[in-house]
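Peer 1: Below is one structure. I have some questions about it.
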Amino acid sequence: MSPGKIVIDTDIILDHLTLDHSKSGPGLSLMRRAMSKFFCYTTVFNAMEVFELCETRRQMLAAEHALSALKILGMNGKSGRSLGAVLRLARKRGLRDFDTLIAGLCVESRLPLLTGRPKNYRGVRSLRIIPAQHAVDAVTTELFGA
């Protein structure tokens with residue numbers, strides 16, 4: 001059986017990058033646990049958010065390293081059309097553009113989003129959200145039966 005697929009949100013990546021491994025031990029971030037259970041993606045918009053927060057060369061290298069472990073979903077002409085429609089509706093509801101574009105790529109790719117910020121995506125009905133507070137093991141069983 002092949003592993004399930006999941007999209008990792010910016011907050012999960014940032015938690016991984018800022019986790020103090022000297023106190024928590026290696027490999028305990030939610031991102032690492034998700035990667036051990038799923039084939040993990042993120043979106044080009046998540047990558048942009050992560051790099052936006054980098055202030056030093058060391059932070060930039062750490063971000064590059066973390067993102068290199070994920071497949072990055074991008075846009076094309078077809079997805080641009082459907083994401084434009086999603087963005088138009090979301091702006092009317094006052095949702096943040098990045099969150100809407102992230103959600104739109106997840107919907108377009110038919111992949112669930114692992115996030116600690118489920119409220120940010122409340123306006124995108126067809127998005128499957130996996131709240132970060134759920135254990136990855138429980139989510140694996142719930143979504144994929146294994």
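Numbering starts fresh at 1 for the residues of each chain in the structure tokens, the chains themselves are lettered A, B, ... in the order given, and ligands are numbered from 1 as they appear.
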Looking only at the backbone, which of the residues in segment 38-136 of chain A does DSSP tag as strand (DSSP E), as a PyMOL selection string?
Peer 2: chain A and resi 38-43+71-73+113-115+129-131
Peer 1: Go ahead and dump the residues you just picked, N, CA and C atoms, as a short mmCIF file (atom, residue, chain, number, x, y, z; two decimals), in the first residue's frame.
Peer 2:
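The resulting file, part24.cif, is shown below:
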data_model
loop_
_atom_site.label_atom_id
_atom_site.label_comp_id
_atom_site.auth_asym_id
_atom_site.auth_seq_id
_atom_site.Cartn_x
_atom_site.Cartn_y
_atom_site.Cartn_z
N PHE A 38 3.33 10.08 5.54
CA PHE A 38 2.72 10.54 4.30
C PHE A 38 3.77 10.94 3.27
N PHE A 39 3.35 11.01 2.02
CA PHE A 39 4.13 11.67 0.98
C PHE A 39 3.73 13.13 1.08
N CYS A 40 4.63 14.00 1.47
CA CYS A 40 4.28 15.37 1.84
C CYS A 40 4.60 16.39 0.76
N TYR A 41 3.66 17.31 0.61
CA TYR A 41 3.76 18.43 -0.30
C TYR A 41 3.63 19.72 0.51
N THR A 42 3.98 20.81 -0.10
CA THR A 42 3.59 22.13 0.34
C THR A 42 3.32 22.91 -0.94
N THR A 43 2.93 24.16 -0.83
CA THR A 43 2.64 24.94 -2.03
C THR A 43 3.70 26.02 -2.22
N LYS A 71 7.66 18.04 -1.82
CA LYS A 71 7.32 18.40 -3.20
C LYS A 71 6.54 19.71 -3.11
N ILE A 72 6.80 20.62 -4.04
CA ILE A 72 6.14 21.92 -4.00
C ILE A 72 5.13 22.02 -5.13
N LEU A 73 3.87 22.23 -4.74
CA LEU A 73 2.79 22.39 -5.71
C LEU A 73 2.80 23.81 -6.26
N LEU A 113 -5.00 19.36 3.83
CA LEU A 113 -4.03 20.31 4.35
C LEU A 113 -3.84 20.09 5.85
N LEU A 114 -2.61 19.81 6.26
CA LEU A 114 -2.26 19.70 7.67
C LEU A 114 -1.89 21.10 8.16
N THR A 115 -2.66 21.62 9.11
CA THR A 115 -2.45 23.00 9.56
C THR A 115 -2.82 23.16 11.03
N ILE A 129 -9.34 19.64 5.77
CA ILE A 129 -8.36 20.15 6.73
C ILE A 129 -8.08 19.09 7.77
N ILE A 130 -6.80 18.91 8.07
CA ILE A 130 -6.38 18.06 9.17
C ILE A 130 -5.78 18.99 10.22
N PRO A 131 -6.52 19.24 11.30
CA PRO A 131 -6.00 20.13 12.34
C PRO A 131 -4.74 19.55 12.99
#
Peer 1: Please report the interatomic distance between atom CA of Arg122 of chain A and atom CA of Thr18 of chain A in Å with one decimal.
Peer 2: 26.4 Å
Peer 1: In terms of the shortest atom-to-atom distance over only C-alpha atoms, which of A:Arg117, A:Pro112, A:Val124, A:Gly4 is closest to Thr100 of chain A?
Peer 2: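 Between A:Arg117, A:Pro112, A:Val124, A:Gly4, the residue approaching Thr100 of chain A most closely is A:Val124.
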Peer 1: Could you pull the residues within 8 Å of Met75 of chain A, counting only C-alpha atoms, minus those fewer than 4 positions along the same chain, as a ChimeraX atom specification?
Peer 2: /A:79-80,105
Peer 1: Please produce a file of those selected residues containing C-alpha atoms, as a PDB file, in the first residue's frame.
Peer 2:
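again13.pdb, written as the output of this step:
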ATOM      1  CA  SER A  79      -5.127  26.027 -12.043  1.00  0.00           C
ATOM      2  CA  GLY A  80      -4.851  29.798 -12.475  1.00  0.00           C
ATOM      3  CA  LEU A 105      -4.036  24.471  -4.715  1.00  0.00           C
TER       4      LEU A 105
END
Peer 1: DSSP on the backbone, then: every residue of segment 37-73 of chain A marked alpha helix (DSSP H), written as an MDAnalysis selection string.
Peer 2: chainID A and resid 37 44:53 57:68
Peer 1: Which residue out of A:Leu89, A:Leu14, A:Leu95, A:Cys106 has the minimum interatomic distance to Cys54 of chain A when only C-alpha atoms are used?
Peer 2: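 That would be A:Leu14, the residue with the smallest distance to Cys54 of chain A.
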